[in-house]
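Engineer: Attaching a single structure in structure tokens format; questions to follow.
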Amino acid sequence: MSKYKALIGLEMHCEISETNTKAFSSAANAYSSLPNSNIRPLDMGFPGTLPVVNKEAVKMALMTSIVLNCSQPKYMYFERKNYYYPDMPKNYQITQETKPIPVGIYGKVTFECNGEDKTIRINNIHLEEDAASLDHLFDTSVINYNRAGVPLLELVTEPDFHSAEEAVAFLEHMRSVYRYLDISEADSKKGQVRCDVNVSIMDEDLDENDPNNWGTKIEIKNVNSFGGVKDAINYEIKRQTKLKETNKYDEMEQQTRRWDEETGTTIYMRSKVNAIDYKYFVDPNIPKFKITDEWLEEIRKSIPMLAYDRKKKYIEEYNLSSYDAGILVKEKAISDYFEECVKIKTDIKQAANWINGMILSYLNANEMSIKDFFMTPEMLKELIELIDSKAISSKQGKDVFAKCLSDQKTPKQVVKDEGMMQITDEAAIMEIIKEVIDENMDQAKTYNPQYPKILDYFIGQVMKKSRGKANPAVANKLMKEELEKLVS
Amino acid sequence: MKWMNKSIEELHDLLVDKKVTSKELIEESLKLSHELQDKCNAFVTILDDAKETEVTDNLLSGIPYGLKDNYSTKGILSTGSSNTLKDYVPFFDATAVSNLKAAGAVCVNKTVMDEFGMGGTGTTGHTGIVRNPWDQTRMCAGSSAGSAAAVAYGVYPCATGSDTGDSIRKPAAYCGIVGYKPTYGMISRYGLFPFASSLDHCGVLTRNVKDAAIVVDNMKGIDKNDMTTWDSSNINLYGSLNGEVKGKKLCYIKEICDIDNYENPNEELKQHLSNFMKTIEKAKELGIEVVEESIDQTLLNALAAVYVVISCAEATSNMSNLTGIIFGPRGEGDNYIDMMKDHRTKGFSPLIKRRFVIGSYVLQSENQERYFRNAQRVRRLLVDKWKELFKKYDAVILPVGSGPAKKLDGSKDILSKETKVLEEHLQIGNFGGFPSITIPNGFIDGMPVACNITGNCYDDSNVLNIAYALESTMPYKNQIAGGEKNE
């Protein structure tokens with residue numbers, strides 16, 4: 001690859017999973033194990049049925065458009081993409097083309113790849129309806145229309161990626177964005193994220209800003225996992241490089257290929273010359289509607305700080321390590337929990353440690369969301385302060401944590417009920433110390449400040465007498481003073 | 001015929017006074033349906049088991065009516081007069097149908113139309129041609145042919161229609177009755193089989209203007225299932241008919257109405273246009289100011305092409321759902337593509353196929369700019385021109401067609417480019433979504449002819465009121481085909 005540079009563009013389709021109903025139909029937008037149960041007459045293309053735009057889906061699309069720094073249209077239009085296929089009974093898909101302007105055009109996104117910032121350009125983002133899912137069995141195919149009409153966001157980037165790693169880092173960034181915005185789970189295992197990948201290679205020494213140098217664009221359809229995107233890009237770069245090196249590159253026509261997961265190869269589908277004419281036109285059943293500045297402003301205000309910015313903030317303002325900050329922002333609910341801790345003035349470093357350590361492993365072990373987690377940020381603060389004030393030891397802290405969750409009690413309540421509160425009152429400790437010394441007067445008299453070996457024994461006796469509640473540091477200090485007094 | 005030649009108000013009073021029952025009305029309407037079916041072939045389905053309804057305050061309660069066969073009716077065959085849906089029984093009612101049901105009106109039959117509304121002759125339905133009840137050798141025009149024939153024959157006081165180019169207003173003219181399509185979006189299109197969504201309107205055919213107002217009052221309303229509907233709850237068409245039109249202003253278009261604009265006018269055209277001018281005189285007698293306006297002939301000449309391009313483009317996409325796979329007769333073939341092809345090849349008439357070819361052609365990416373987008377631009381120009389007129393006038397009044405109903409054998413067709421604008425100008429009402437009503441205004445060769453009044457969007461009450469006043473000056477209100485002719 002040293003002689004060549006890869007130019008990679010992505011089309012990322014992400015289902016909006018968080019609306020109640022589908023994009024243009026009143027059928028539920030929900031996962032159902034029963035095929036063909038979430039359908040209304042429109043989804044089956046019955047005569048006379050009409051689309052009704054889901055405003056919530058439009059709002060989410062605009063939100064994404066704003067986050068991608070795109071321009072938003074003054075008026076919203078939807079268009080028909082006409083083609084005959086059983087996954088779309090109307091035989092047209094309601095979507096948005098670039099003319100009139102879709103929900104967003106010409107944006108840019110900065111994301112992190114291998115610890116470095118990378119910025120790429122967005123060509124457009126549009127809102128459309130998903131098609132039904134087809135399963136091709138041995139001699140028959142089955143269709144499930146539950147997915148038909150589910151709102152789908154298609155994001156098209158410029159060919160600004162140069163490696164599979166960059167492309168995948170971007171996809172991960174976008175997955176985080178969709179999750180933070182509560183638009184989609186963006187789970188590729190559930191088929192919610194699907195990608196088309198464009199790959200071409202060009203000679204390293206040519207000017208990248210001149211499209212004439214870009215080489216022949218190969219579109220790879222059907223890449224349905226991030227791992228697949230990585231493998232498909234790497235495979236395609238290798239394949240095209242080989243064509244260059246065997247002087248066959250110039251014969252290669254612009255084409256669409258398919259990613260075959262089983263063989264790990266891309267397979268020729270069709271030439272771009274024979275591209276389908278989708279006969280786009282504005283859907284007359286959906287009147288254009290005005291996107292007001294007020295609405296955009298309202299949406300803008302509702303956008304939370306995203307993972308990328310939170311991570312930067314945690315590192316720069318809270319002095320957390322990049323590693324710790326990265327874990328904290330992985331899930332918005334976790335990050336929100338952390339920020340609540342910060343807000344109520346919990347010790348930041350300790351809060352981060354507790355969350356990234358004990359809390360996350362508890363949640364993982366119990367397959368639980370932090371939203372269902374019993375211990376509130378207030379309780380975590382209480383626990384941290386109990387330890388800080390030496391009311392309990394840090395070892396005890398872990399026991400209190402476990403007990404809080406098992407008994408559904410606040411840390412203070414646990415400490416009280418379990419009698420775990422350390423004795424820090426010097427007078428109280430002194431009383432015990434005096435008892436211990438009286439009981440062991442002979443040994444006490446052998447105490448040598450130069451060689452305070454027997455101190456440990458005496459402290460041990462204090463701890464025993466106090467059933468572990470005496471604060472060891474205080475006990476240590478006082479015992480030393482008493483013994484010194486005795487022998488001096 | 002004892003009852004069905006009466007107006008809705010008259011029937012309502014008789015029902016309220018218990019001089020007749022809803023059951024008796026339905027029985028008479030069904031009897032007349034069968035009679036007309038034998039003569040003119042107006043119905044796809046006659047609902048012999050139609051049940052009477054309770055008589056309430058609603059003027060339509062207990063009264064029989066007809067539905068064009070492109071309105072979805074729950075549990076009742078709805079074919080759109082097409083073989084592609086010859087056995088299709090919807091499982092939901094069109095919104096307009098639910099509204100009429102709620103009013104207590106009783107549907108007694110589903111009327112024949114040109115296949116999916118795509119035609120202006122009433123001869124392309126899958127159950128055969130519809131004949132004009134005034135003269136069975138003539139056509140009714142279309143596409144709401146069966147509805148027009150049935151209302152004209154006195155099967156009931158009203159039937160629904162749909163209008164994409166002139167599909168209510170032209171057959172109404174040829175059958176001597178009233179045809180009204182309100183402003184676009186006043187009546188929900190949910191459940192109406194689409195032809196061209198941006199031009200499709202629901203509407204009604206009746207024998208007088210007041211009946212049209214009553215029926216549309218009961219069909220209209222904002223619908224959560226149709227985004228193009230609007231709230232018309234503050235509009236009461238029936239209540240706003242007062243006949244007070246003094247000081248209203250109308251205009252007609254010189255290029256369409258002036259006989260000198262036609263090189264070799266035939267006798268029919270001469271009579272038609274001179275009859276129209278008599279109607280203008282009547283309007284003036286009512287105290288309406290009527291002015292002649294001139295419009296660029298080139299713009300007018302473009303309208304027929306604009307209509308063909310836009311309506312065919314939308315139709316080809318709208319009707320892509322007709323594959324015979326989910327509903328409709330399954331085609332034969334080894335795979336879904338062959339099955340679809342077989343279904344569509346056998347199911348559609350040649351006329352429709354021709355329109356699909358045109359629609360596909362004008363939408364192809366290499367042609368779209370030249371045809372489809374240009375058509376949309378000219379549509380805008382025409383609509384803007386008419387909106388300009390509506391700044392000065394309450395409505396535009398024009399003659400409908402170039403004369404009375406054409407002969408079915410084509411022997412009297414005027415195949416002239418000259419009369420094209422005269423034949424097609426009603427389409428402007430669809431381009432702009434304007435409220436538009438046709439009322440009978442005379443006879444030529446013993447056949448009825450009509451004029452049309454079209455006003456600005458949302459100004460339905462005004463347009464209807466003008467038509468109502470004008471109707472009262474002429475003896476054609478409530479006329480029945482085969483009854484007395486006030487020639």
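Following the order of the structure tokens, first chain is A, next is B, and so on, with residues numbered from 1 inside each chain and ligands from 1 in the order they appear.
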Identify all chain A residues at most 7 Å from chain B by counting only C-alpha atoms; ligands do not count. Present them as a PyMOL selection string.
Structural biologist: chain A and resi 45+47-50+52+82+89-91+277+279+284-287
Engineer: Pick out the residues sitting within 8 Å of Ser22 in chain B, and hand them over as JSON, numbers by chain; count only C-alpha atoms, and ignore anything fewer than 4 positions along from it in its own chain.
Structural biologist: {"B": [15, 26, 52, 53, 54, 55, 62, 63]}
Engineer: Figure out the distance between CA of Asn109 in chain B and CA of Ile439 in chain B, please, to one decimal in Å.
Structural biologist: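 About the pair CA of Ile439 in chain B and CA of Asn109 in chain B: they are 24.0 Å apart.
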Engineer: Just list as an MDAnalysis selection string whatever in range 227-386 of chain A DSSP marks as alpha helix (DSSP H).
Structural biologist: chainID A and resid 227:245 293:302 307:316 322:329 332:343 348:354 360:365 377:386
Engineer: Could you check the closest approach to Ala57 in chain A for each of A:Arg40, A:Arg257, A:His126, A:Lys371 and tell me which residue wins, using only C-alpha atoms?
Structural biologist: A:His126
Engineer: Compile the contact shell of range 94-98 of chain A as a ChimeraX atom specification: residues with an atom at most 6 Å away, counting only C-alpha atoms, same-chain residues fewer than 2 positions apart removed.
Structural biologist: /A:78-80,100-102,126,128
Engineer: Selection from above, N, CA and C atoms, as a PDB file, in the first residue's frame, can you write it?
Structural biologist:
ATOM      1  N   PHE A  78     -40.509  15.035   1.106  1.00  0.00           N
ATOM      2  CA  PHE A  78     -40.152  13.634   0.948  1.00  0.00           C
ATOM      3  C   PHE A  78     -40.361  13.230  -0.499  1.00  0.00           C
ATOM      4  N   GLU A  79     -39.536  12.296  -0.951  1.00  0.00           N
ATOM      5  CA  GLU A  79     -39.627  11.876  -2.339  1.00  0.00           C
ATOM      6  C   GLU A  79     -39.899  10.385  -2.448  1.00  0.00           C
ATOM      7  N   ARG A  80     -40.368  10.004  -3.609  1.00  0.00           N
ATOM      8  CA  ARG A  80     -40.570   8.578  -3.862  1.00  0.00           C
ATOM      9  C   ARG A  80     -39.402   8.036  -4.679  1.00  0.00           C
ATOM     10  N   PRO A 100     -35.151  18.212  -3.708  1.00  0.00           N
ATOM     11  CA  PRO A 100     -34.920  19.274  -2.717  1.00  0.00           C
ATOM     12  C   PRO A 100     -34.030  18.786  -1.559  1.00  0.00           C
ATOM     13  N   ILE A 101     -33.586  19.757  -0.771  1.00  0.00           N
ATOM     14  CA  ILE A 101     -32.635  19.465   0.299  1.00  0.00           C
ATOM     15  C   ILE A 101     -33.225  18.495   1.328  1.00  0.00           C
ATOM     16  N   PRO A 102     -32.485  17.440   1.670  1.00  0.00           N
ATOM     17  CA  PRO A 102     -32.961  16.517   2.699  1.00  0.00           C
ATOM     18  C   PRO A 102     -32.757  17.119   4.090  1.00  0.00           C
ATOM     19  N   HIS A 126     -30.306  11.800   5.336  1.00  0.00           N
ATOM     20  CA  HIS A 126     -31.735  11.877   5.035  1.00  0.00           C
ATOM     21  C   HIS A 126     -32.539  10.830   5.777  1.00  0.00           C
ATOM     22  N   GLU A 128     -35.696   8.201   5.782  1.00  0.00           N
ATOM     23  CA  GLU A 128     -36.479   7.378   4.863  1.00  0.00           C
ATOM     24  C   GLU A 128     -37.125   6.239   5.615  1.00  0.00           C
TER      25      GLU A 128
END
Engineer: May I have the residues within 9 Å of Leu10 in chain A as a PyMOL selection string, using only C-alpha atoms and disregarding those fewer than 4 positions away in the same chain?
Structural biologist: chain A and resi 155-159+161+167+171+195-199
Engineer: Please measure the separation of CA of Gly165 in chain B and CA of Asp394 in chain B, giving the value in Å to one decimal.
Structural biologist: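 The value is 21.8 Å.
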Engineer: Which is closest to Ile220 in chain A among A:Arg121, A:Arg194, A:Lys248, A:Lys416, if we use only C-alpha atoms?
Structural biologist: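 The closest residue to Ile220 in chain A is A:Arg194.
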Engineer: Quick one: residues within 8 Å of range 2-9 of chain B, only C-alpha atoms, excluding same-chain residues fewer than 5 positions away - as a PyMOL selection string?
Structural biologist: chain B and resi 25+28-29+59-60+63+154-157+207-208+211+478+480
Engineer: Could you take the residues named above and write them with N, CA and C atoms, as an mmCIF file, in the first residue's frame?
Structural biologist:
data_model
loop_
_atom_site.group_PDB
_atom_site.id
_atom_site.type_symbol
_atom_site.label_atom_id
_atom_site.label_comp_id
_atom_site.auth_asym_id
_atom_site.auth_seq_id
_atom_site.Cartn_x
_atom_site.Cartn_y
_atom_site.Cartn_z
ATOM 1 N N LEU B 25 -87.608 4.110 0.870
ATOM 2 C CA LEU B 25 -86.698 4.841 -0.025
ATOM 3 C C LEU B 25 -85.664 3.895 -0.615
ATOM 4 N N GLU B 28 -87.183 1.600 -3.242
ATOM 5 C CA GLU B 28 -87.369 2.251 -4.545
ATOM 6 C C GLU B 28 -86.032 2.477 -5.252
ATOM 7 N N SER B 29 -85.027 2.876 -4.467
ATOM 8 C CA SER B 29 -83.717 3.157 -5.046
ATOM 9 C C SER B 29 -83.110 1.881 -5.644
ATOM 10 N N LEU B 59 -79.621 15.678 7.732
ATOM 11 C CA LEU B 59 -80.399 15.688 6.490
ATOM 12 C C LEU B 59 -80.199 14.429 5.659
ATOM 13 N N LEU B 60 -79.055 13.762 5.840
ATOM 14 C CA LEU B 60 -78.771 12.589 5.016
ATOM 15 C C LEU B 60 -79.265 11.291 5.647
ATOM 16 N N ILE B 63 -81.272 8.227 3.955
ATOM 17 C CA ILE B 63 -81.388 8.487 2.513
ATOM 18 C C ILE B 63 -80.372 7.668 1.708
ATOM 19 N N GLY B 154 -82.326 9.464 -11.531
ATOM 20 C CA GLY B 154 -83.186 9.551 -10.353
ATOM 21 C C GLY B 154 -83.155 8.303 -9.498
ATOM 22 N N VAL B 155 -81.998 7.606 -9.484
ATOM 23 C CA VAL B 155 -81.847 6.417 -8.635
ATOM 24 C C VAL B 155 -81.772 6.840 -7.171
ATOM 25 N N TYR B 156 -81.216 7.992 -6.936
ATOM 26 C CA TYR B 156 -81.089 8.594 -5.606
ATOM 27 C C TYR B 156 -80.712 10.057 -5.802
ATOM 28 N N PRO B 157 -80.754 10.858 -4.745
ATOM 29 C CA PRO B 157 -80.445 12.281 -4.956
ATOM 30 C C PRO B 157 -78.960 12.575 -5.114
ATOM 31 N N ARG B 207 -78.531 16.729 -8.034
ATOM 32 C CA ARG B 207 -79.384 17.391 -9.048
ATOM 33 C C ARG B 207 -79.629 18.857 -8.731
ATOM 34 N N ASN B 208 -79.079 19.300 -7.615
ATOM 35 C CA ASN B 208 -79.157 20.738 -7.333
ATOM 36 C C ASN B 208 -77.998 21.124 -6.419
ATOM 37 N N ASP B 211 -78.174 20.294 -2.543
ATOM 38 C CA ASP B 211 -77.864 18.902 -2.219
ATOM 39 C C ASP B 211 -76.353 18.658 -2.214
ATOM 40 N N ASN B 478 -82.938 19.994 -10.609
ATOM 41 C CA ASN B 478 -83.693 18.778 -10.275
ATOM 42 C C ASN B 478 -84.214 18.002 -11.478
ATOM 43 N N ILE B 480 -84.636 15.243 -14.376
ATOM 44 C CA ILE B 480 -84.386 13.808 -14.395
ATOM 45 C C ILE B 480 -84.294 13.370 -15.852
#
Engineer: Residues within 8 Å of range 454-459 of chain A, please, as a list in words. Count only C-alpha atoms; anything in the same chain fewer than 5 positions from it doesn't count.
Structural biologist: Val436, Ile437, Tyr447, Pro472, Ala475, Asn476, Met479 and Lys480 of chain A
Engineer: Considering only C-alpha atoms, state which residue in the set B:Lys485, B:Lys68, B:Lys282, B:Lys387 is at the smallest distance from Ser143 in chain B.
Structural biologist: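 Answer, going by the shortest atom-to-atom distance: B:Lys68.
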Engineer: One decimal, Å: what's the distance from CA of Tyr235 in chain A over to CA of Asn124 in chain A, could you say?
Structural biologist: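 Taking CA of Tyr235 in chain A and CA of Asn124 in chain A, their separation equals 26.8 Å.
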Engineer: Let me make sure I understand: among A:Glu56, A:Glu378, A:Glu251, A:Asp205, which one has the smallest atom-to-atom distance to Val342 in chain A if we use only C-alpha atoms?
Structural biologist: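 Looking at the shortest contact to Val342 in chain A, the residue is A:Glu378.
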Engineer: Residues near Leu30 in chain B, anyone? I mean within 12 Å using only C-alpha atoms, not counting same-chain ones fewer than 4 positions away, as a ChimeraX atom specification.
Structural biologist: /B:1,4,23-26,34-37,43,45-51,64-66,106-110,150,154-156
Engineer: Would you output that residue set with N, CA and C atoms, as a PDB file, in the first residue's frame?
Structural biologist:
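Once everything was written out, this is again-v1.pdb:
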ATOM      1  N   MET B   1     -91.900   6.380 -10.199  1.00  0.00           N
ATOM      2  CA  MET B   1     -90.961   6.962  -9.236  1.00  0.00           C
ATOM      3  C   MET B   1     -91.700   7.910  -8.293  1.00  0.00           C
ATOM      4  N   MET B   4     -87.560   9.130  -5.326  1.00  0.00           N
ATOM      5  CA  MET B   4     -86.128   9.332  -5.610  1.00  0.00           C
ATOM      6  C   MET B   4     -85.839  10.506  -6.535  1.00  0.00           C
ATOM      7  N   LYS B  23     -86.710   2.564   4.737  1.00  0.00           N
ATOM      8  CA  LYS B  23     -86.796   1.269   4.059  1.00  0.00           C
ATOM      9  C   LYS B  23     -87.464   1.426   2.696  1.00  0.00           C
ATOM     10  N   GLU B  24     -88.549   2.212   2.658  1.00  0.00           N
ATOM     11  CA  GLU B  24     -89.255   2.410   1.383  1.00  0.00           C
ATOM     12  C   GLU B  24     -88.379   3.143   0.375  1.00  0.00           C
ATOM     13  N   LEU B  25     -87.608   4.110   0.870  1.00  0.00           N
ATOM     14  CA  LEU B  25     -86.698   4.841  -0.025  1.00  0.00           C
ATOM     15  C   LEU B  25     -85.664   3.895  -0.615  1.00  0.00           C
ATOM     16  N   ILE B  26     -85.117   3.040   0.246  1.00  0.00           N
ATOM     17  CA  ILE B  26     -84.084   2.111  -0.218  1.00  0.00           C
ATOM     18  C   ILE B  26     -84.669   1.138  -1.229  1.00  0.00           C
ATOM     19  N   HIS B  34     -81.691  -1.468 -10.497  1.00  0.00           N
ATOM     20  CA  HIS B  34     -81.758  -2.606 -11.425  1.00  0.00           C
ATOM     21  C   HIS B  34     -82.278  -2.169 -12.795  1.00  0.00           C
ATOM     22  N   GLU B  35     -83.250  -1.269 -12.763  1.00  0.00           N
ATOM     23  CA  GLU B  35     -83.811  -0.758 -14.017  1.00  0.00           C
ATOM     24  C   GLU B  35     -82.723  -0.054 -14.838  1.00  0.00           C
ATOM     25  N   LEU B  36     -81.957   0.808 -14.161  1.00  0.00           N
ATOM     26  CA  LEU B  36     -80.907   1.558 -14.868  1.00  0.00           C
ATOM     27  C   LEU B  36     -79.763   0.628 -15.290  1.00  0.00           C
ATOM     28  N   GLN B  37     -79.489  -0.367 -14.462  1.00  0.00           N
ATOM     29  CA  GLN B  37     -78.432  -1.311 -14.794  1.00  0.00           C
ATOM     30  C   GLN B  37     -78.732  -1.962 -16.155  1.00  0.00           C
ATOM     31  N   PHE B  43     -73.637   0.191 -12.759  1.00  0.00           N
ATOM     32  CA  PHE B  43     -73.176  -0.283 -11.446  1.00  0.00           C
ATOM     33  C   PHE B  43     -72.255  -1.501 -11.512  1.00  0.00           C
ATOM     34  N   THR B  45     -71.731  -3.031  -8.425  1.00  0.00           N
ATOM     35  CA  THR B  45     -72.399  -3.829  -7.395  1.00  0.00           C
ATOM     36  C   THR B  45     -73.683  -3.106  -6.988  1.00  0.00           C
ATOM     37  N   ILE B  46     -74.769  -3.849  -6.903  1.00  0.00           N
ATOM     38  CA  ILE B  46     -76.001  -3.296  -6.321  1.00  0.00           C
ATOM     39  C   ILE B  46     -76.204  -4.001  -4.984  1.00  0.00           C
ATOM     40  N   LEU B  47     -76.321  -3.212  -3.929  1.00  0.00           N
ATOM     41  CA  LEU B  47     -76.372  -3.788  -2.575  1.00  0.00           C
ATOM     42  C   LEU B  47     -77.821  -4.079  -2.190  1.00  0.00           C
ATOM     43  N   ASP B  48     -78.323  -5.210  -2.668  1.00  0.00           N
ATOM     44  CA  ASP B  48     -79.737  -5.537  -2.452  1.00  0.00           C
ATOM     45  C   ASP B  48     -80.083  -5.712  -0.979  1.00  0.00           C
ATOM     46  N   ASP B  49     -79.061  -5.959  -0.151  1.00  0.00           N
ATOM     47  CA  ASP B  49     -79.358  -6.130   1.268  1.00  0.00           C
ATOM     48  C   ASP B  49     -79.090  -4.848   2.068  1.00  0.00           C
ATOM     49  N   ALA B  50     -79.046  -3.702   1.376  1.00  0.00           N
ATOM     50  CA  ALA B  50     -78.824  -2.431   2.084  1.00  0.00           C
ATOM     51  C   ALA B  50     -79.894  -2.236   3.151  1.00  0.00           C
ATOM     52  N   LYS B  51     -79.457  -1.832   4.341  1.00  0.00           N
ATOM     53  CA  LYS B  51     -80.386  -1.710   5.484  1.00  0.00           C
ATOM     54  C   LYS B  51     -80.718  -0.245   5.768  1.00  0.00           C
ATOM     55  N   PRO B  64     -80.850   7.003   0.647  1.00  0.00           N
ATOM     56  CA  PRO B  64     -79.952   6.182  -0.172  1.00  0.00           C
ATOM     57  C   PRO B  64     -79.014   7.046  -1.023  1.00  0.00           C
ATOM     58  N   TYR B  65     -77.847   6.518  -1.275  1.00  0.00           N
ATOM     59  CA  TYR B  65     -76.911   7.207  -2.170  1.00  0.00           C
ATOM     60  C   TYR B  65     -75.985   6.169  -2.802  1.00  0.00           C
ATOM     61  N   GLY B  66     -75.192   6.627  -3.775  1.00  0.00           N
ATOM     62  CA  GLY B  66     -74.277   5.720  -4.469  1.00  0.00           C
ATOM     63  C   GLY B  66     -72.833   6.112  -4.242  1.00  0.00           C
ATOM     64  N   VAL B 106     -77.373   5.851   3.387  1.00  0.00           N
ATOM     65  CA  VAL B 106     -77.337   4.414   3.091  1.00  0.00           C
ATOM     66  C   VAL B 106     -76.826   4.177   1.673  1.00  0.00           C
ATOM     67  N   CYS B 107     -75.671   3.517   1.579  1.00  0.00           N
ATOM     68  CA  CYS B 107     -75.117   3.215   0.259  1.00  0.00           C
ATOM     69  C   CYS B 107     -75.888   2.049  -0.351  1.00  0.00           C
ATOM     70  N   VAL B 108     -76.426   2.257  -1.557  1.00  0.00           N
ATOM     71  CA  VAL B 108     -77.194   1.184  -2.198  1.00  0.00           C
ATOM     72  C   VAL B 108     -76.480   0.572  -3.398  1.00  0.00           C
ATOM     73  N   ASN B 109     -75.458   1.247  -3.897  1.00  0.00           N
ATOM     74  CA  ASN B 109     -74.710   0.624  -4.996  1.00  0.00           C
ATOM     75  C   ASN B 109     -73.330   1.245  -5.162  1.00  0.00           C
ATOM     76  N   LYS B 110     -72.479   0.539  -5.869  1.00  0.00           N
ATOM     77  CA  LYS B 110     -71.141   1.026  -6.224  1.00  0.00           C
ATOM     78  C   LYS B 110     -71.153   1.244  -7.734  1.00  0.00           C
ATOM     79  N   ALA B 150     -76.636   7.509 -12.706  1.00  0.00           N
ATOM     80  CA  ALA B 150     -77.590   7.122 -11.669  1.00  0.00           C
ATOM     81  C   ALA B 150     -78.308   8.334 -11.068  1.00  0.00           C
ATOM     82  N   GLY B 154     -82.326   9.464 -11.531  1.00  0.00           N
ATOM     83  CA  GLY B 154     -83.186   9.551 -10.353  1.00  0.00           C
ATOM     84  C   GLY B 154     -83.155   8.303  -9.498  1.00  0.00           C
ATOM     85  N   VAL B 155     -81.998   7.606  -9.484  1.00  0.00           N
ATOM     86  CA  VAL B 155     -81.847   6.417  -8.635  1.00  0.00           C
ATOM     87  C   VAL B 155     -81.772   6.840  -7.171  1.00  0.00           C
ATOM     88  N   TYR B 156     -81.216   7.992  -6.936  1.00  0.00           N
ATOM     89  CA  TYR B 156     -81.089   8.594  -5.606  1.00  0.00           C
ATOM     90  C   TYR B 156     -80.712  10.057  -5.802  1.00  0.00           C
TER      91      TYR B 156
END
Engineer: Based on DSSP run over this structure's backbone, return all residues of range 170-324 of chain A in strand (DSSP E or B), as a ChimeraX atom specification.
Structural biologist: /A:193-203,218-223,255-260,265-271,281-282,289-290
